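Dropping entry_18.cif in here (mmCIF, C-alpha atoms, pLDDT in the B column; chains and numbers go by the auth columns):
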data_structure
loop_
_atom_site.group_PDB
_atom_site.id
_atom_site.type_symbol
_atom_site.label_atom_id
_atom_site.label_comp_id
_atom_site.label_asym_id
_atom_site.label_seq_id
_atom_site.Cartn_x
_atom_site.Cartn_y
_atom_site.Cartn_z
_atom_site.B_iso_or_equiv
_atom_site.auth_seq_id
_atom_site.auth_asym_id
ATOM 1 C CA MET A 1 13.095 -23.158 5.709 46.00 1 A
ATOM 2 C CA ILE A 2 9.454 -22.167 5.980 51.00 2 A
ATOM 3 C CA ASN A 3 8.800 -18.788 7.540 50.00 3 A
ATOM 4 C CA LYS A 4 5.429 -19.119 9.197 51.00 4 A
ATOM 5 C CA SER A 5 3.841 -16.158 10.930 55.00 5 A
ATOM 6 C CA PRO A 6 2.319 -16.789 14.366 63.00 6 A
ATOM 7 C CA SER A 7 -1.101 -15.480 13.328 69.00 7 A
ATOM 8 C CA PRO A 8 -2.636 -16.354 9.957 78.00 8 A
ATOM 9 C CA GLU A 9 -3.534 -13.620 7.496 86.00 9 A
ATOM 10 C CA ILE A 10 -6.973 -13.601 5.939 90.00 10 A
ATOM 11 C CA ARG A 11 -7.160 -11.600 2.727 93.00 11 A
ATOM 12 C CA ALA A 12 -10.093 -10.372 0.702 94.00 12 A
ATOM 13 C CA TRP A 13 -10.025 -8.370 -2.525 95.00 13 A
ATOM 14 C CA ALA A 14 -12.650 -6.323 -4.289 95.00 14 A
ATOM 15 C CA LYS A 15 -11.685 -5.275 -7.790 96.00 15 A
ATOM 16 C CA HIS A 16 -13.191 -2.768 -10.212 95.00 16 A
ATOM 17 C CA ILE A 17 -15.375 -1.028 -7.619 95.00 17 A
ATOM 18 C CA CYS A 18 -17.053 1.954 -9.308 95.00 18 A
ATOM 19 C CA MET A 19 -15.812 4.798 -7.123 94.00 19 A
ATOM 20 C CA SER A 20 -12.718 6.933 -6.922 95.00 20 A
ATOM 21 C CA ALA A 21 -9.808 5.682 -4.840 95.00 21 A
ATOM 22 C CA HIS A 22 -9.779 8.991 -2.953 96.00 22 A
ATOM 23 C CA LYS A 23 -13.337 8.465 -1.655 95.00 23 A
ATOM 24 C CA ALA A 24 -12.610 4.868 -0.641 96.00 24 A
ATOM 25 C CA ARG A 25 -9.368 5.857 1.141 96.00 25 A
ATOM 26 C CA ARG A 26 -11.299 8.365 3.252 95.00 26 A
ATOM 27 C CA VAL A 27 -13.277 5.450 4.728 95.00 27 A
ATOM 28 C CA ILE A 28 -10.436 2.897 4.833 96.00 28 A
ATOM 29 C CA ASN A 29 -8.261 5.236 6.914 95.00 29 A
ATOM 30 C CA GLN A 30 -10.896 5.188 9.668 95.00 30 A
ATOM 31 C CA ILE A 31 -10.940 1.386 10.077 95.00 31 A
ATOM 32 C CA ARG A 32 -7.266 0.507 9.651 94.00 32 A
ATOM 33 C CA GLY A 33 -5.959 -1.142 12.840 92.00 33 A
ATOM 34 C CA ARG A 34 -9.413 -1.508 14.425 94.00 34 A
ATOM 35 C CA SER A 35 -11.010 -4.691 15.654 94.00 35 A
ATOM 36 C CA TYR A 36 -13.602 -6.426 13.495 94.00 36 A
ATOM 37 C CA GLY A 37 -16.520 -5.321 15.693 94.00 37 A
ATOM 38 C CA GLN A 38 -15.367 -1.705 15.821 95.00 38 A
ATOM 39 C CA ALA A 39 -14.842 -1.619 12.060 95.00 39 A
ATOM 40 C CA LEU A 40 -18.379 -2.877 11.437 95.00 40 A
ATOM 41 C CA MET A 41 -19.830 -0.299 13.802 96.00 41 A
ATOM 42 C CA ILE A 42 -17.878 2.559 12.196 95.00 42 A
ATOM 43 C CA LEU A 43 -18.849 1.499 8.676 95.00 43 A
ATOM 44 C CA GLU A 44 -22.542 1.226 9.540 95.00 44 A
ATOM 45 C CA LEU A 45 -22.639 4.713 11.053 95.00 45 A
ATOM 46 C CA MET A 46 -20.545 6.636 8.516 94.00 46 A
ATOM 47 C CA PRO A 47 -22.632 8.579 5.962 94.00 47 A
ATOM 48 C CA TYR A 48 -20.476 7.790 2.902 94.00 48 A
ATOM 49 C CA GLY A 49 -21.442 5.656 -0.078 93.00 49 A
ATOM 50 C CA ALA A 50 -18.021 3.977 -0.023 93.00 50 A
ATOM 51 C CA CYS A 51 -18.891 2.278 3.278 95.00 51 A
ATOM 52 C CA TYR A 52 -21.192 -0.358 1.791 95.00 52 A
ATOM 53 C CA PRO A 53 -18.674 -2.196 -0.480 95.00 53 A
ATOM 54 C CA ILE A 54 -16.028 -2.017 2.257 96.00 54 A
ATOM 55 C CA LEU A 55 -18.521 -3.405 4.792 96.00 55 A
ATOM 56 C CA GLN A 56 -19.307 -6.282 2.428 95.00 56 A
ATOM 57 C CA LEU A 57 -15.590 -6.953 1.942 96.00 57 A
ATOM 58 C CA ILE A 58 -14.786 -7.037 5.668 96.00 58 A
ATOM 59 C CA SER A 59 -17.766 -9.302 6.321 95.00 59 A
ATOM 60 C CA SER A 60 -16.589 -11.626 3.551 95.00 60 A
ATOM 61 C CA ALA A 61 -13.047 -11.748 4.937 95.00 61 A
ATOM 62 C CA ALA A 62 -14.350 -12.558 8.427 94.00 62 A
ATOM 63 C CA ALA A 63 -16.628 -15.278 7.031 94.00 63 A
ATOM 64 C CA ASN A 64 -13.622 -16.752 5.199 93.00 64 A
ATOM 65 C CA ALA A 65 -11.624 -16.736 8.432 92.00 65 A
ATOM 66 C CA ASN A 66 -14.438 -18.438 10.297 92.00 66 A
ATOM 67 C CA HIS A 67 -15.212 -21.049 7.632 93.00 67 A
ATOM 68 C CA ASN A 68 -11.746 -21.861 6.250 91.00 68 A
ATOM 69 C CA MET A 69 -9.555 -21.486 9.352 90.00 69 A
ATOM 70 C CA GLY A 70 -12.042 -21.863 12.191 90.00 70 A
ATOM 71 C CA LEU A 71 -11.176 -18.484 13.743 91.00 71 A
ATOM 72 C CA ASN A 72 -13.570 -16.562 15.948 91.00 72 A
ATOM 73 C CA LYS A 73 -14.766 -13.295 14.362 92.00 73 A
ATOM 74 C CA ALA A 74 -14.489 -11.453 17.693 92.00 74 A
ATOM 75 C CA ASN A 75 -10.717 -12.087 17.768 92.00 75 A
ATOM 76 C CA LEU A 76 -9.989 -10.499 14.375 94.00 76 A
ATOM 77 C CA PHE A 77 -8.652 -7.044 13.593 93.00 77 A
ATOM 78 C CA VAL A 78 -7.906 -5.143 10.376 94.00 78 A
ATOM 79 C CA SER A 79 -4.130 -5.390 10.093 94.00 79 A
ATOM 80 C CA ARG A 80 -3.828 -3.960 6.587 94.00 80 A
ATOM 81 C CA ALA A 81 -6.261 -2.107 4.375 95.00 81 A
ATOM 82 C CA GLU A 82 -5.323 -0.453 1.115 95.00 82 A
ATOM 83 C CA VAL A 83 -7.008 1.101 -1.877 96.00 83 A
ATOM 84 C CA ASN A 84 -5.400 1.221 -5.315 96.00 84 A
ATOM 85 C CA GLU A 85 -6.617 2.941 -8.443 96.00 85 A
ATOM 86 C CA GLY A 86 -8.167 0.727 -11.084 95.00 86 A
ATOM 87 C CA ALA A 87 -8.931 1.204 -14.756 95.00 87 A
ATOM 88 C CA LEU A 88 -10.538 4.447 -15.878 95.00 88 A
ATOM 89 C CA LEU A 89 -13.770 3.973 -17.802 95.00 89 A
ATOM 90 C CA LYS A 90 -14.085 6.614 -20.512 96.00 90 A
ATOM 91 C CA ARG A 91 -17.515 7.671 -21.690 95.00 91 A
ATOM 92 C CA PHE A 92 -18.791 10.510 -23.886 95.00 92 A
ATOM 93 C CA LYS A 93 -21.603 12.841 -22.946 95.00 93 A
ATOM 94 C CA PRO A 94 -23.366 14.624 -25.815 95.00 94 A
ATOM 95 C CA ARG A 95 -23.155 18.402 -25.581 95.00 95 A
ATOM 96 C CA ALA A 96 -24.414 21.346 -27.580 95.00 96 A
ATOM 97 C CA ARG A 97 -23.571 21.914 -31.257 94.00 97 A
ATOM 98 C CA GLY A 98 -22.773 18.252 -31.907 93.00 98 A
ATOM 99 C CA ARG A 99 -19.852 18.079 -29.557 95.00 99 A
ATOM 100 C CA GLY A 100 -19.074 15.456 -26.969 95.00 100 A
ATOM 101 C CA TYR A 101 -17.309 15.814 -23.647 95.00 101 A
ATOM 102 C CA GLN A 102 -15.345 12.962 -22.199 95.00 102 A
ATOM 103 C CA ILE A 103 -16.552 11.597 -18.852 96.00 103 A
ATOM 104 C CA HIS A 104 -14.055 9.671 -16.707 96.00 104 A
ATOM 105 C CA LYS A 105 -15.525 7.031 -14.410 96.00 105 A
ATOM 106 C CA PRO A 106 -12.830 5.909 -11.977 96.00 106 A
ATOM 107 C CA THR A 107 -12.606 2.458 -10.422 96.00 107 A
ATOM 108 C CA CYS A 108 -10.573 1.154 -7.511 97.00 108 A
ATOM 109 C CA HIS A 109 -9.263 -2.087 -6.049 97.00 109 A
ATOM 110 C CA ILE A 110 -9.672 -2.619 -2.296 96.00 110 A
ATOM 111 C CA THR A 111 -7.577 -5.096 -0.272 96.00 111 A
ATOM 112 C CA ILE A 112 -8.412 -6.020 3.324 95.00 112 A
ATOM 113 C CA VAL A 113 -6.151 -8.207 5.504 95.00 113 A
ATOM 114 C CA LEU A 114 -7.479 -9.494 8.804 94.00 114 A
ATOM 115 C CA GLU A 115 -5.336 -11.101 11.496 93.00 115 A
ATOM 116 C CA GLU A 116 -6.121 -12.779 14.761 91.00 116 A
ATOM 117 C CA ILE A 117 -5.436 -10.821 17.939 85.00 117 A
ATOM 118 C CA SER A 118 -2.646 -12.617 19.773 77.00 118 A
ATOM 119 C CA ARG A 119 -3.376 -12.741 23.491 62.00 119 A
#
Would you encode the structure as structure tokens?
Amino acid sequence: MINKSPSPEIRAWAKHICMSAHKARRVINQIRGRSYGQALMILELMPYGACYPILQLISSAAANANHNMGLNKANLFVSRAEVNEGALLKRFKPRARGRGYQIHKPTCHITIVLEEISR
């Protein structure tokens, strides 16, 4: 038996984004459950650097929905959005007296799921 949902899910992933998961979650929490148009407007007006990769990801997911499934972008909403921690890049910064301090550069993985608004 095939369990088919009434509205198709459109997923988009962005992996190894060079920012902490905490900073990305601050932005993702604002757009979760919003319509596609509202999410774009919020992301364009927020002053955080994490907005740009998330804006690209939502635009890509909507373009996939339009091209692959023939859905209208105006009828989409963000049904699920999550941010997971990625690999930690470890670098060394030279310090005084020949020492080196470890620098941690965090990465994150962002998942966006769009669904069609059922009317």
#### Entry: Point (-21.2, -2.4, -7.0) neighbourhood (12 Å, only C-alpha atoms) written as a PyMOL selection string
chain A and resi 14-19+49-54+56-57+107-109
Evaluate the PyMOL selection byres ((chain A and resi 83) around 10) against this structure - the residues, as a short mmCIF file (atom, residue, chain, number, x, y, z; two decimals) with C-alpha atoms, in the frame of the given file, please.
data_model
loop_
_atom_site.label_atom_id
_atom_site.label_comp_id
_atom_site.auth_asym_id
_atom_site.auth_seq_id
_atom_site.Cartn_x
_atom_site.Cartn_y
_atom_site.Cartn_z
CA TRP A 13 -10.02 -8.37 -2.52
CA ALA A 14 -12.65 -6.32 -4.29
CA LYS A 15 -11.68 -5.28 -7.79
CA SER A 20 -12.72 6.93 -6.92
CA ALA A 21 -9.81 5.68 -4.84
CA HIS A 22 -9.78 8.99 -2.95
CA LYS A 23 -13.34 8.46 -1.66
CA ALA A 24 -12.61 4.87 -0.64
CA ARG A 25 -9.37 5.86 1.14
CA ARG A 26 -11.30 8.36 3.25
CA ILE A 28 -10.44 2.90 4.83
CA ASN A 29 -8.26 5.24 6.91
CA ALA A 81 -6.26 -2.11 4.38
CA GLU A 82 -5.32 -0.45 1.12
CA ASN A 84 -5.40 1.22 -5.32
CA GLU A 85 -6.62 2.94 -8.44
CA GLY A 86 -8.17 0.73 -11.08
CA CYS A 108 -10.57 1.15 -7.51
CA HIS A 109 -9.26 -2.09 -6.05
CA ILE A 110 -9.67 -2.62 -2.30
CA THR A 111 -7.58 -5.10 -0.27
CA ILE A 112 -8.41 -6.02 3.32
#
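CA of Gln30 (chain A) to CA of Leu71 (chain A) spans 24.0 Å [interatomic distance, one decimal].
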### Task
Have a look at A:Gln102, A:Ser35, A:Asn64, A:Ser59 and name the one nearest to Leu76 (chain A); count only C-alpha atoms.
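Of the candidates, the smallest distance to Leu76 (chain A) is held by A:Ser35.
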#### Entry: Shell of 12 Å around Ile117 (chain A), all atoms listed in the file, local chain residues under 3 positions omitted, as a PyMOL selection string
chain A and resi 6-9+33-36+71-79+114
Keeping C-alpha atoms, export the residues of the selection given above as a short mmCIF file (atom, residue, chain, number, x, y, z; two decimals), keeping the file's coordinate frame.
data_model
loop_
_atom_site.label_atom_id
_atom_site.label_comp_id
_atom_site.auth_asym_id
_atom_site.auth_seq_id
_atom_site.Cartn_x
_atom_site.Cartn_y
_atom_site.Cartn_z
CA PRO A 6 2.32 -16.79 14.37
CA SER A 7 -1.10 -15.48 13.33
CA PRO A 8 -2.64 -16.35 9.96
CA GLU A 9 -3.53 -13.62 7.50
CA GLY A 33 -5.96 -1.14 12.84
CA ARG A 34 -9.41 -1.51 14.42
CA SER A 35 -11.01 -4.69 15.65
CA TYR A 36 -13.60 -6.43 13.50
CA LEU A 71 -11.18 -18.48 13.74
CA ASN A 72 -13.57 -16.56 15.95
CA LYS A 73 -14.77 -13.30 14.36
CA ALA A 74 -14.49 -11.45 17.69
CA ASN A 75 -10.72 -12.09 17.77
CA LEU A 76 -9.99 -10.50 14.38
CA PHE A 77 -8.65 -7.04 13.59
CA VAL A 78 -7.91 -5.14 10.38
CA SER A 79 -4.13 -5.39 10.09
CA LEU A 114 -7.48 -9.49 8.80
#
### Message
For this structure, which residues satisfy the selection - the PyMOL selection byres ((chain A and resi 91) around 8) - when it is evaluated on the file as given? I want them as a list in words.
### Response
Leu89, Lys90, Phe92, Lys93, Gln102, Ile103, His104 and Lys105 of chain A
Using the selection just defined, write its residues with C-alpha atoms as a PDB file, keeping the file's coordinate frame.
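Okay, this is what ended up in again.pdb:
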ATOM      1  CA  LEU A  89     -13.770   3.973 -17.802  1.00 95.00           C
ATOM      2  CA  LYS A  90     -14.085   6.614 -20.512  1.00 96.00           C
ATOM      3  CA  PHE A  92     -18.791  10.510 -23.886  1.00 95.00           C
ATOM      4  CA  LYS A  93     -21.603  12.841 -22.946  1.00 95.00           C
ATOM      5  CA  GLN A 102     -15.345  12.962 -22.199  1.00 95.00           C
ATOM      6  CA  ILE A 103     -16.552  11.597 -18.852  1.00 96.00           C
ATOM      7  CA  HIS A 104     -14.055   9.671 -16.707  1.00 96.00           C
ATOM      8  CA  LYS A 105     -15.525   7.031 -14.410  1.00 96.00           C
TER       9      LYS A 105
END
### Task
Just give me the gap between CA of Gly70 (chain A) and CA of Glu115 (chain A) in Å, one decimal is fine.
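Interatomic distance here is 12.7 Å.
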So that all listed atoms of region 72-85 of chain A fit with 4 Å spare on each side, what axis-aligned box centre and edge lengths in Å, to one decimal, would you give as lines of an AutoDock Vina configuration file?
center_x = -9.3
center_y = -6.8
center_z = 4.7
size_x = 18.9
size_y = 27.5
size_z = 34.2
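For the pair CA of Met46 (chain A) and CA of Ala63 (chain A), the interatomic distance is 22.3 Å.
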Residues within 7 Å of Ala61 (chain A), please, as an mmCIF file with C-alpha atoms, in the frame of the given file. Count all atoms listed in the file; anything in the same chain fewer than 5 positions from it doesn't count.
data_model
loop_
_atom_site.group_PDB
_atom_site.id
_atom_site.type_symbol
_atom_site.label_atom_id
_atom_site.label_comp_id
_atom_site.auth_asym_id
_atom_site.auth_seq_id
_atom_site.Cartn_x
_atom_site.Cartn_y
_atom_site.Cartn_z
ATOM 1 C CA ILE A 10 -6.973 -13.601 5.939
ATOM 2 C CA ARG A 11 -7.160 -11.600 2.727
ATOM 3 C CA ALA A 12 -10.093 -10.372 0.702
#
